[in-house]
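**Student:** After the structure tokens below, expect a handful of questions from me.
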Amino acid sequence: MTPSTPRTIQIFLPDGNPRGVRLAEITSRTVKVVQVPRAHLDAACERQELANVGVYFLVGETDSGMAQVYVGEAEDCAVRLRQHNKAKEWWTTALVCISKTQDFTKSHVKYLEWYAHQEVVAIGRFRLENNTVPTKSHVSESVTADLMDHFDTMRILVSTLGYPFFDRIQTVSVAERLVCKGKKAQAYGEYIDDGFVVFAGGVANREFAASIDTYLIPIRNGLLDAGILKIVDTETYRFTKDHVFPSPSQAAAIVLARTANGWIEWKYPDGRTLDEVKRKG
């Protein structure tokens, strides 16, 4: 299935709470994703679905506000989530992917865990929390084809639930990219579905203005810790990979090292601002 294919997704709220446990599925497919807010873990672990073999993702944020994910697999996902509840502090939500027909085997989920890990790294939207690379299990060519079909369903469902760590950033041509300039800074980006992406190669100012909003300091520190920003010289940093910010203004502020209105600072090649095109055009 391609991203442009229409589809119907069913989301079931077992206790009627839209912020509680949610079960998502494409009704014509056999993979189901159970979203488990950590505060509802005990109730979720009583459900039969979580006693199955599956692939799971723990999601949350770093201290600097960067989204991060842990990829895992288990023969009994409820048992494994209870273990992580005791051992890992940072996560807020678990996404558990299981087969509605209970067809997944240990080899299947080991393969899916390995492939999911590779995709999270390649796409780079979320910081990966795994300390080791999962082992790729041996499965036949025909089984691999089926697992890739299951993975596509998983990708669609976790993104629908608000966690697009498998969604590749759709880039536009260089001639159509927005640009943000100031002092030594010059970065290119694009306004996308879930925020604003600054593309790899962009240059950001190092020295924060005295009036900078203090919330931006740990955000930039997180980008440095993750290697997304690298020191170029005494005045600038460079983006080593594409990075999605939650808003155009936060993206512009990190690039310019000062409080900024991104709707005005980001401009198209013809000089029009993002505000003129997307809000007033």
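Going through the structure tokens in order, the chains are called A, B, and so on, while each chain numbers its residues from 1 and the ligands are numbered from 1 in the order shown.
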Write out as a list in words the residues lying within 9 Å of A:Glu190, counting only C-alpha atoms and excluding same-chain residues fewer than 5 positions away.
**Tutor:**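 Counting only C-alpha atoms, the residues come to Thr171, Val172, Glu176, Arg177, Leu178, Val179, Gly195, Phe196, Val197, Val198, Phe199, Pro248 and Trp266 of chain A.
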**Student:** Could the residues in this selection be saved with N, CA, C and O atoms as a PDB file, in the first residue's frame?
**Tutor:**
ATOM      1  N   THR A 171      10.713  15.548   0.715  1.00  0.00           N
ATOM      2  CA  THR A 171      11.433  16.785   0.444  1.00  0.00           C
ATOM      3  C   THR A 171      11.040  17.373  -0.901  1.00  0.00           C
ATOM      4  O   THR A 171      10.648  16.657  -1.820  1.00  0.00           O
ATOM      5  N   VAL A 172      11.131  18.679  -0.995  1.00  0.00           N
ATOM      6  CA  VAL A 172      10.857  19.381  -2.244  1.00  0.00           C
ATOM      7  C   VAL A 172      12.184  19.691  -2.923  1.00  0.00           C
ATOM      8  O   VAL A 172      13.262  19.497  -2.365  1.00  0.00           O
ATOM      9  N   GLU A 176      12.551  25.113  -4.495  1.00  0.00           N
ATOM     10  CA  GLU A 176      11.283  25.417  -3.831  1.00  0.00           C
ATOM     11  C   GLU A 176      11.411  25.510  -2.313  1.00  0.00           C
ATOM     12  O   GLU A 176      10.434  25.792  -1.632  1.00  0.00           O
ATOM     13  N   ARG A 177      12.588  25.278  -1.771  1.00  0.00           N
ATOM     14  CA  ARG A 177      12.755  25.257  -0.322  1.00  0.00           C
ATOM     15  C   ARG A 177      12.704  26.668   0.264  1.00  0.00           C
ATOM     16  O   ARG A 177      13.137  27.634  -0.354  1.00  0.00           O
ATOM     17  N   LEU A 178      12.190  26.746   1.484  1.00  0.00           N
ATOM     18  CA  LEU A 178      12.221  28.009   2.206  1.00  0.00           C
ATOM     19  C   LEU A 178      13.609  28.211   2.789  1.00  0.00           C
ATOM     20  O   LEU A 178      14.313  27.248   3.109  1.00  0.00           O
ATOM     21  N   VAL A 179      13.985  29.474   2.975  1.00  0.00           N
ATOM     22  CA  VAL A 179      15.291  29.784   3.520  1.00  0.00           C
ATOM     23  C   VAL A 179      15.139  30.729   4.704  1.00  0.00           C
ATOM     24  O   VAL A 179      14.233  31.565   4.741  1.00  0.00           O
ATOM     25  N   GLY A 195       4.898  19.660  11.374  1.00  0.00           N
ATOM     26  CA  GLY A 195       5.792  20.700  11.872  1.00  0.00           C
ATOM     27  C   GLY A 195       6.585  21.354  10.760  1.00  0.00           C
ATOM     28  O   GLY A 195       6.072  21.607   9.672  1.00  0.00           O
ATOM     29  N   PHE A 196       7.839  21.604  11.044  1.00  0.00           N
ATOM     30  CA  PHE A 196       8.724  22.252  10.075  1.00  0.00           C
ATOM     31  C   PHE A 196      10.049  21.520  10.067  1.00  0.00           C
ATOM     32  O   PHE A 196      10.689  21.349  11.112  1.00  0.00           O
ATOM     33  N   VAL A 197      10.474  21.066   8.886  1.00  0.00           N
ATOM     34  CA  VAL A 197      11.729  20.336   8.777  1.00  0.00           C
ATOM     35  C   VAL A 197      12.830  21.274   8.308  1.00  0.00           C
ATOM     36  O   VAL A 197      12.662  22.027   7.350  1.00  0.00           O
ATOM     37  N   VAL A 198      13.955  21.242   9.028  1.00  0.00           N
ATOM     38  CA  VAL A 198      15.174  21.927   8.592  1.00  0.00           C
ATOM     39  C   VAL A 198      16.074  20.861   7.983  1.00  0.00           C
ATOM     40  O   VAL A 198      16.345  19.828   8.607  1.00  0.00           O
ATOM     41  N   PHE A 199      16.544  21.102   6.768  1.00  0.00           N
ATOM     42  CA  PHE A 199      17.288  20.087   6.045  1.00  0.00           C
ATOM     43  C   PHE A 199      18.761  20.051   6.446  1.00  0.00           C
ATOM     44  O   PHE A 199      19.335  21.057   6.881  1.00  0.00           O
ATOM     45  N   PRO A 248       7.336  26.338  12.839  1.00  0.00           N
ATOM     46  CA  PRO A 248       8.306  27.155  12.094  1.00  0.00           C
ATOM     47  C   PRO A 248       9.089  28.097  12.997  1.00  0.00           C
ATOM     48  O   PRO A 248      10.272  28.360  12.737  1.00  0.00           O
ATOM     49  N   TRP A 266      10.993  32.497   7.693  1.00  0.00           N
ATOM     50  CA  TRP A 266      11.159  31.537   6.608  1.00  0.00           C
ATOM     51  C   TRP A 266      10.546  32.108   5.336  1.00  0.00           C
ATOM     52  O   TRP A 266       9.376  32.483   5.313  1.00  0.00           O
TER      53      TRP A 266
END
**Student:** List as an MDAnalysis selection string the protein and nucleic acid residues near A:Asn131, meaning an atom at most 12 Å away when only C-alpha atoms are counted, but skip any in the same chain fewer than 2 places from it.
**Tutor:** chainID A and resid 69:72 117 127:129 133:134
**Student:** Keeping only C-alpha atoms, write the selected residues as a PDB file, in the first residue's frame.
**Tutor:**
ATOM      1  CA  VAL A  69      11.654   5.556  20.774  1.00  0.00           C
ATOM      2  CA  TYR A  70      12.741   2.113  21.932  1.00  0.00           C
ATOM      3  CA  VAL A  71      12.110  -0.879  19.634  1.00  0.00           C
ATOM      4  CA  GLY A  72      11.542  -4.334  21.109  1.00  0.00           C
ATOM      5  CA  HIS A 117      15.114  -0.594  14.125  1.00  0.00           C
ATOM      6  CA  ARG A 127      16.035   9.523  18.707  1.00  0.00           C
ATOM      7  CA  LEU A 128      16.602   5.770  19.122  1.00  0.00           C
ATOM      8  CA  GLU A 129      16.982   4.601  22.726  1.00  0.00           C
ATOM      9  CA  VAL A 133      21.205  -3.502  17.321  1.00  0.00           C
ATOM     10  CA  PRO A 134      18.583  -6.298  17.174  1.00  0.00           C
TER      11      PRO A 134
END
**Student:** What is the atom CA of A:His150-atom CA of A:Thr132 distance in Å, reported with one decimal?
**Tutor:**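 Computing the Euclidean distance for atom CA of A:His150 and atom CA of A:Thr132 yields 23.8 Å.
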**Student:** For A:Gly202, list every protein, DNA or RNA residue within 7 Å, evaluated using only C-alpha atoms, and leave out those in the same chain fewer than 2 positions away; present the list as a list of chain:residue names.
**Tutor:** A:Gln186, A:Ala187, A:Tyr188, A:Phe199, A:Ala200, A:Ala204, A:Arg238, A:Phe239
**Student:** Just write the chosen residues, all heavy atoms, as a JSON list (two decimals), in the first residue's frame.
**Tutor:**
[["chain", "number", "residue", "atom", "x", "y", "z"],
["A", 186, "GLN", "N", 22.33, 30.31, 7.69],
["A", 186, "GLN", "CA", 21.57, 30.14, 6.46],
["A", 186, "GLN", "C", 21.13, 28.68, 6.40],
["A", 186, "GLN", "O", 21.95, 27.79, 6.24],
["A", 186, "GLN", "CB", 22.36, 30.50, 5.22],
["A", 186, "GLN", "CG", 21.56, 30.32, 3.93],
["A", 186, "GLN", "CD", 22.23, 30.98, 2.73],
["A", 186, "GLN", "OE1", 22.71, 32.11, 2.80],
["A", 186, "GLN", "NE2", 22.27, 30.26, 1.62],
["A", 187, "ALA", "N", 19.82, 28.47, 6.54],
["A", 187, "ALA", "CA", 19.29, 27.11, 6.54],
["A", 187, "ALA", "C", 18.08, 27.04, 5.63],
["A", 187, "ALA", "O", 17.39, 28.03, 5.41],
["A", 187, "ALA", "CB", 18.92, 26.69, 7.96],
["A", 188, "TYR", "N", 17.83, 25.82, 5.13],
["A", 188, "TYR", "CA", 16.70, 25.59, 4.24],
["A", 188, "TYR", "C", 15.73, 24.61, 4.90],
["A", 188, "TYR", "O", 16.15, 23.72, 5.65],
["A", 188, "TYR", "CB", 17.18, 25.04, 2.90],
["A", 188, "TYR", "CG", 18.00, 26.04, 2.13],
["A", 188, "TYR", "CD1", 19.39, 26.13, 2.32],
["A", 188, "TYR", "CD2", 17.41, 26.92, 1.23],
["A", 188, "TYR", "CE1", 20.15, 27.07, 1.64],
["A", 188, "TYR", "CE2", 18.17, 27.86, 0.54],
["A", 188, "TYR", "CZ", 19.53, 27.93, 0.75],
["A", 188, "TYR", "OH", 20.27, 28.87, 0.07],
["A", 199, "PHE", "N", 16.54, 21.10, 6.77],
["A", 199, "PHE", "CA", 17.29, 20.09, 6.04],
["A", 199, "PHE", "C", 18.76, 20.05, 6.45],
["A", 199, "PHE", "O", 19.33, 21.06, 6.88],
["A", 199, "PHE", "CB", 17.17, 20.33, 4.54],
["A", 199, "PHE", "CG", 15.77, 20.18, 4.02],
["A", 199, "PHE", "CD1", 15.11, 21.25, 3.42],
["A", 199, "PHE", "CD2", 15.10, 18.98, 4.14],
["A", 199, "PHE", "CE1", 13.82, 21.12, 2.94],
["A", 199, "PHE", "CE2", 13.80, 18.84, 3.67],
["A", 199, "PHE", "CZ", 13.16, 19.90, 3.06],
["A", 200, "ALA", "N", 19.34, 18.88, 6.30],
["A", 200, "ALA", "CA", 20.77, 18.68, 6.57],
["A", 200, "ALA", "C", 21.59, 19.67, 5.74],
["A", 200, "ALA", "O", 21.26, 19.97, 4.60],
["A", 200, "ALA", "CB", 21.17, 17.25, 6.23],
["A", 204, "ALA", "N", 23.54, 27.21, 11.46],
["A", 204, "ALA", "CA", 22.88, 27.94, 12.54],
["A", 204, "ALA", "C", 23.89, 28.76, 13.32],
["A", 204, "ALA", "O", 25.06, 28.36, 13.46],
["A", 204, "ALA", "CB", 22.16, 26.97, 13.49],
["A", 238, "ARG", "N", 26.31, 23.27, 12.20],
["A", 238, "ARG", "CA", 25.72, 22.75, 10.97],
["A", 238, "ARG", "C", 24.77, 21.59, 11.30],
["A", 238, "ARG", "O", 25.07, 20.76, 12.16],
["A", 238, "ARG", "CB", 26.80, 22.27, 10.00],
["A", 238, "ARG", "CG", 26.24, 21.87, 8.61],
["A", 238, "ARG", "CD", 27.36, 21.43, 7.68],
["A", 238, "ARG", "NE", 28.37, 22.46, 7.50],
["A", 238, "ARG", "CZ", 28.25, 23.50, 6.66],
["A", 238, "ARG", "NH1", 27.16, 23.63, 5.94],
["A", 238, "ARG", "NH2", 29.22, 24.39, 6.57],
["A", 239, "PHE", "N", 23.62, 21.55, 10.62],
["A", 239, "PHE", "CA", 22.70, 20.42, 10.75],
["A", 239, "PHE", "C", 23.28, 19.23, 9.98],
["A", 239, "PHE", "O", 23.55, 19.33, 8.78],
["A", 239, "PHE", "CB", 21.32, 20.77, 10.19],
["A", 239, "PHE", "CG", 20.48, 21.62, 11.10],
["A", 239, "PHE", "CD1", 20.64, 23.00, 11.13],
["A", 239, "PHE", "CD2", 19.54, 21.04, 11.94],
["A", 239, "PHE", "CE1", 19.87, 23.79, 11.97],
["A", 239, "PHE", "CE2", 18.77, 21.82, 12.79],
["A", 239, "PHE", "CZ", 18.93, 23.20, 12.81]]
**Student:** Report as a PyMOL selection string: the residues of stretch 146-264 of chain A with a DSSP assignment of alpha helix (DSSP H), based on the backbone of this structure.
**Tutor:** chain A and resi 146-160+216-225+248-256+262-264
**Student:** I'd like the neighbourhood of A:Lys106 as a list in words, where a residue qualifies if any of its atoms comes within 12 Å (using only C-alpha atoms), though same-chain residues fewer than 2 positions away should be ignored.
**Tutor:**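 Using only C-alpha atoms, the neighbours found are Asn52, Val53, Gly54, Val55, Gly72, Glu73, Ala74, Glu75, Asp76, Cys77, Ile98, Gln102, Asp103, Phe104, His108, Val109, Lys110, Tyr111, Leu112, Glu113, Lys136, Ser137, His138 and Val139 of chain A.
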**Student:** With distances taken over only C-alpha atoms, which of A:Glu119, A:Asp275, A:Asp15, A:Asp167 is nearest to A:Ala43?
**Tutor:**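 Answer, going by the shortest atom-to-atom distance: A:Asp15.
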**Student:** What is the atom CA of A:Asp193 to atom CA of A:Phe151 distance in Å?
**Tutor:**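 Taking atom CA of A:Asp193 and atom CA of A:Phe151, their separation equals 21.8 Å.
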**Student:** Using only C-alpha atoms, can you tell me which of A:Asp63, A:Glu25, A:Glu235, A:Asp194 comes closest to A:Pro164?
**Tutor:**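 Ranked by minimum distance to A:Pro164, first place goes to A:Asp194.
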**Student:** Record the distance separating atom CA of A:Ala257 and atom CA of A:Gln170, expressed in Å with one decimal.
**Tutor:** 26.3 Å
**Student:** With a distance cut-off of 6 Å and only C-alpha atoms, select the neighbouring residues of A:Val33, excluding the residue or stretch itself and same-chain residues fewer than 6 positions from it, and output the selection as a ChimeraX atom specification.
**Tutor:** /A:23-24,96-97
**Student:** Quick one: write out the picked residues with all heavy atoms as a PDB file, in the first residue's frame?
**Tutor:**
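Writing done, so here's out.pdb:
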ATOM      1  N   LEU A  23      -7.210   0.747  20.500  1.00  0.00           N
ATOM      2  CA  LEU A  23      -6.889  -0.354  19.603  1.00  0.00           C
ATOM      3  C   LEU A  23      -7.155   0.103  18.180  1.00  0.00           C
ATOM      4  O   LEU A  23      -8.286   0.481  17.840  1.00  0.00           O
ATOM      5  CB  LEU A  23      -7.734  -1.588  19.920  1.00  0.00           C
ATOM      6  CG  LEU A  23      -7.356  -2.411  21.165  1.00  0.00           C
ATOM      7  CD1 LEU A  23      -7.656  -1.643  22.452  1.00  0.00           C
ATOM      8  CD2 LEU A  23      -8.100  -3.725  21.177  1.00  0.00           C
ATOM      9  N   ALA A  24      -6.129   0.073  17.351  1.00  0.00           N
ATOM     10  CA  ALA A  24      -6.240   0.556  15.975  1.00  0.00           C
ATOM     11  C   ALA A  24      -6.010  -0.592  15.000  1.00  0.00           C
ATOM     12  O   ALA A  24      -5.112  -1.414  15.196  1.00  0.00           O
ATOM     13  CB  ALA A  24      -5.229   1.668  15.719  1.00  0.00           C
ATOM     14  N   VAL A  96       1.926  -1.513  20.885  1.00  0.00           N
ATOM     15  CA  VAL A  96       2.158  -2.952  20.764  1.00  0.00           C
ATOM     16  C   VAL A  96       1.499  -3.450  19.489  1.00  0.00           C
ATOM     17  O   VAL A  96       0.297  -3.263  19.282  1.00  0.00           O
ATOM     18  CB  VAL A  96       1.593  -3.707  21.976  1.00  0.00           C
ATOM     19  CG1 VAL A  96       1.891  -5.202  21.855  1.00  0.00           C
ATOM     20  CG2 VAL A  96       2.174  -3.148  23.273  1.00  0.00           C
ATOM     21  N   CYS A  97       2.287  -4.088  18.623  1.00  0.00           N
ATOM     22  CA  CYS A  97       1.798  -4.578  17.335  1.00  0.00           C
ATOM     23  C   CYS A  97       1.690  -6.096  17.392  1.00  0.00           C
ATOM     24  O   CYS A  97       2.693  -6.786  17.585  1.00  0.00           O
ATOM     25  CB  CYS A  97       2.746  -4.172  16.207  1.00  0.00           C
ATOM     26  SG  CYS A  97       3.109  -2.389  16.164  1.00  0.00           S
TER      27      CYS A  97
END
**Student:** I'd like to know which of A:Tyr163, A:Thr153, A:Val34, A:Ala122 is closest to A:Arg47, using only C-alpha atoms.
**Tutor:** A:Val34
**Student:** Just the residues within 12 Å of A:Arg272, please, counting only C-alpha atoms, with nothing from its chain fewer than 2 positions along; format it as a list of chain:residue names.
**Tutor:**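 Counting only the stated atoms, we get A:Glu176, A:Arg177, A:Leu178, A:Val179, A:Cys180, A:Trp263, A:Ile264, A:Glu265, A:Trp266, A:Lys267, A:Tyr268, A:Pro269, A:Asp270, A:Leu274, A:Asp275, A:Glu276, A:Val277, A:Lys278, A:Arg279, A:Lys280, A:Gly281.
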**Student:** Take the residues just selected and output them with N, CA, C and O atoms as a PDB file, in the first residue's frame.
**Tutor:**
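Below is the file selection-v2.pdb, written as the result:
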ATOM      1  N   GLU A 176      12.551  25.113  -4.495  1.00  0.00           N
ATOM      2  CA  GLU A 176      11.283  25.417  -3.831  1.00  0.00           C
ATOM      3  C   GLU A 176      11.411  25.510  -2.313  1.00  0.00           C
ATOM      4  O   GLU A 176      10.434  25.792  -1.632  1.00  0.00           O
ATOM      5  N   ARG A 177      12.588  25.278  -1.771  1.00  0.00           N
ATOM      6  CA  ARG A 177      12.755  25.257  -0.322  1.00  0.00           C
ATOM      7  C   ARG A 177      12.704  26.668   0.264  1.00  0.00           C
ATOM      8  O   ARG A 177      13.137  27.634  -0.354  1.00  0.00           O
ATOM      9  N   LEU A 178      12.190  26.746   1.484  1.00  0.00           N
ATOM     10  CA  LEU A 178      12.221  28.009   2.206  1.00  0.00           C
ATOM     11  C   LEU A 178      13.609  28.211   2.789  1.00  0.00           C
ATOM     12  O   LEU A 178      14.313  27.248   3.109  1.00  0.00           O
ATOM     13  N   VAL A 179      13.985  29.474   2.975  1.00  0.00           N
ATOM     14  CA  VAL A 179      15.291  29.784   3.520  1.00  0.00           C
ATOM     15  C   VAL A 179      15.139  30.729   4.704  1.00  0.00           C
ATOM     16  O   VAL A 179      14.233  31.565   4.741  1.00  0.00           O
ATOM     17  N   CYS A 180      16.013  30.560   5.689  1.00  0.00           N
ATOM     18  CA  CYS A 180      16.058  31.432   6.856  1.00  0.00           C
ATOM     19  C   CYS A 180      17.502  31.907   7.000  1.00  0.00           C
ATOM     20  O   CYS A 180      18.427  31.091   7.096  1.00  0.00           O
ATOM     21  N   TRP A 263       7.045  32.276  10.930  1.00  0.00           N
ATOM     22  CA  TRP A 263       6.133  32.537   9.820  1.00  0.00           C
ATOM     23  C   TRP A 263       6.640  33.693   8.955  1.00  0.00           C
ATOM     24  O   TRP A 263       6.321  33.779   7.770  1.00  0.00           O
ATOM     25  N   ILE A 264       7.445  34.545   9.555  1.00  0.00           N
ATOM     26  CA  ILE A 264       8.017  35.679   8.822  1.00  0.00           C
ATOM     27  C   ILE A 264       9.458  35.418   8.409  1.00  0.00           C
ATOM     28  O   ILE A 264       9.906  35.826   7.333  1.00  0.00           O
ATOM     29  N   GLU A 265      10.206  34.708   9.257  1.00  0.00           N
ATOM     30  CA  GLU A 265      11.626  34.483   8.987  1.00  0.00           C
ATOM     31  C   GLU A 265      11.865  33.500   7.844  1.00  0.00           C
ATOM     32  O   GLU A 265      12.837  33.640   7.102  1.00  0.00           O
ATOM     33  N   TRP A 266      10.993  32.497   7.693  1.00  0.00           N
ATOM     34  CA  TRP A 266      11.159  31.537   6.608  1.00  0.00           C
ATOM     35  C   TRP A 266      10.546  32.108   5.336  1.00  0.00           C
ATOM     36  O   TRP A 266       9.376  32.483   5.313  1.00  0.00           O
ATOM     37  N   LYS A 267      11.351  32.161   4.261  1.00  0.00           N
ATOM     38  CA  LYS A 267      10.906  32.795   3.017  1.00  0.00           C
ATOM     39  C   LYS A 267      11.119  31.870   1.819  1.00  0.00           C
ATOM     40  O   LYS A 267      12.085  31.105   1.761  1.00  0.00           O
ATOM     41  N   TYR A 268      10.201  31.968   0.869  1.00  0.00           N
ATOM     42  CA  TYR A 268      10.297  31.227  -0.386  1.00  0.00           C
ATOM     43  C   TYR A 268      11.306  31.913  -1.313  1.00  0.00           C
ATOM     44  O   TYR A 268      11.676  33.072  -1.095  1.00  0.00           O
ATOM     45  N   PRO A 269      11.750  31.216  -2.355  1.00  0.00           N
ATOM     46  CA  PRO A 269      12.740  31.808  -3.276  1.00  0.00           C
ATOM     47  C   PRO A 269      12.303  33.136  -3.900  1.00  0.00           C
ATOM     48  O   PRO A 269      13.146  33.967  -4.236  1.00  0.00           O
ATOM     49  N   ASP A 270      10.973  33.342  -4.021  1.00  0.00           N
ATOM     50  CA  ASP A 270      10.500  34.599  -4.616  1.00  0.00           C
ATOM     51  C   ASP A 270      10.359  35.724  -3.592  1.00  0.00           C
ATOM     52  O   ASP A 270       9.889  36.813  -3.909  1.00  0.00           O
ATOM     53  N   LEU A 274       6.491  32.553   4.664  1.00  0.00           N
ATOM     54  CA  LEU A 274       5.618  31.408   4.922  1.00  0.00           C
ATOM     55  C   LEU A 274       4.225  31.884   5.316  1.00  0.00           C
ATOM     56  O   LEU A 274       3.212  31.316   4.919  1.00  0.00           O
ATOM     57  N   ASP A 275       4.170  32.981   6.051  1.00  0.00           N
ATOM     58  CA  ASP A 275       2.895  33.559   6.471  1.00  0.00           C
ATOM     59  C   ASP A 275       2.076  33.999   5.263  1.00  0.00           C
ATOM     60  O   ASP A 275       0.876  33.751   5.181  1.00  0.00           O
ATOM     61  N   GLU A 276       2.709  34.638   4.307  1.00  0.00           N
ATOM     62  CA  GLU A 276       1.990  35.128   3.129  1.00  0.00           C
ATOM     63  C   GLU A 276       1.431  33.996   2.288  1.00  0.00           C
ATOM     64  O   GLU A 276       0.322  34.091   1.736  1.00  0.00           O
ATOM     65  N   VAL A 277       2.157  32.893   2.203  1.00  0.00           N
ATOM     66  CA  VAL A 277       1.738  31.785   1.343  1.00  0.00           C
ATOM     67  C   VAL A 277       0.730  30.867   2.036  1.00  0.00           C
ATOM     68  O   VAL A 277      -0.290  30.482   1.440  1.00  0.00           O
ATOM     69  N   LYS A 278       0.992  30.518   3.304  1.00  0.00           N
ATOM     70  CA  LYS A 278       0.171  29.521   3.974  1.00  0.00           C
ATOM     71  C   LYS A 278      -0.975  30.088   4.811  1.00  0.00           C
ATOM     72  O   LYS A 278      -1.935  29.380   5.074  1.00  0.00           O
ATOM     73  N   ARG A 279      -0.878  31.348   5.210  1.00  0.00           N
ATOM     74  CA  ARG A 279      -1.944  31.902   6.054  1.00  0.00           C
ATOM     75  C   ARG A 279      -2.700  33.057   5.409  1.00  0.00           C
ATOM     76  O   ARG A 279      -3.844  33.328   5.781  1.00  0.00           O
ATOM     77  N   LYS A 280      -2.080  33.713   4.421  1.00  0.00           N
ATOM     78  CA  LYS A 280      -2.738  34.857   3.802  1.00  0.00           C
ATOM     79  C   LYS A 280      -2.922  34.688   2.295  1.00  0.00           C
ATOM     80  O   LYS A 280      -3.590  35.498   1.657  1.00  0.00           O
ATOM     81  N   GLY A 281      -2.298  33.637   1.743  1.00  0.00           N
ATOM     82  CA  GLY A 281      -2.337  33.462   0.308  1.00  0.00           C
ATOM     83  C   GLY A 281      -3.699  33.033  -0.221  1.00  0.00           C
ATOM     84  O   GLY A 281      -4.570  32.602   0.494  1.00  0.00           O
TER      85      GLY A 281
END
**Student:** Using only C-alpha atoms, determine which residues lie at most 12 Å from A:Ile219, disregarding the query and same-chain residues fewer than 6 positions distant; provide the list as number ranges by chain.
**Tutor:** A: 61-67, 213, 225-226, 228-229, 245-246, 250-251, 253-255, 257
**Student:** Write down as a VMD selection string the residues of stretch 32-279 of chain A whose backbone DSSP state falls under strand (DSSP E or B).
**Tutor:** chain A and resid 32 to 37 54 to 61 67 to 74 91 to 99 127 to 128 178 to 182 185 to 192 195 to 198 203 to 205 229 to 231 236 to 239 243 to 245 267 273
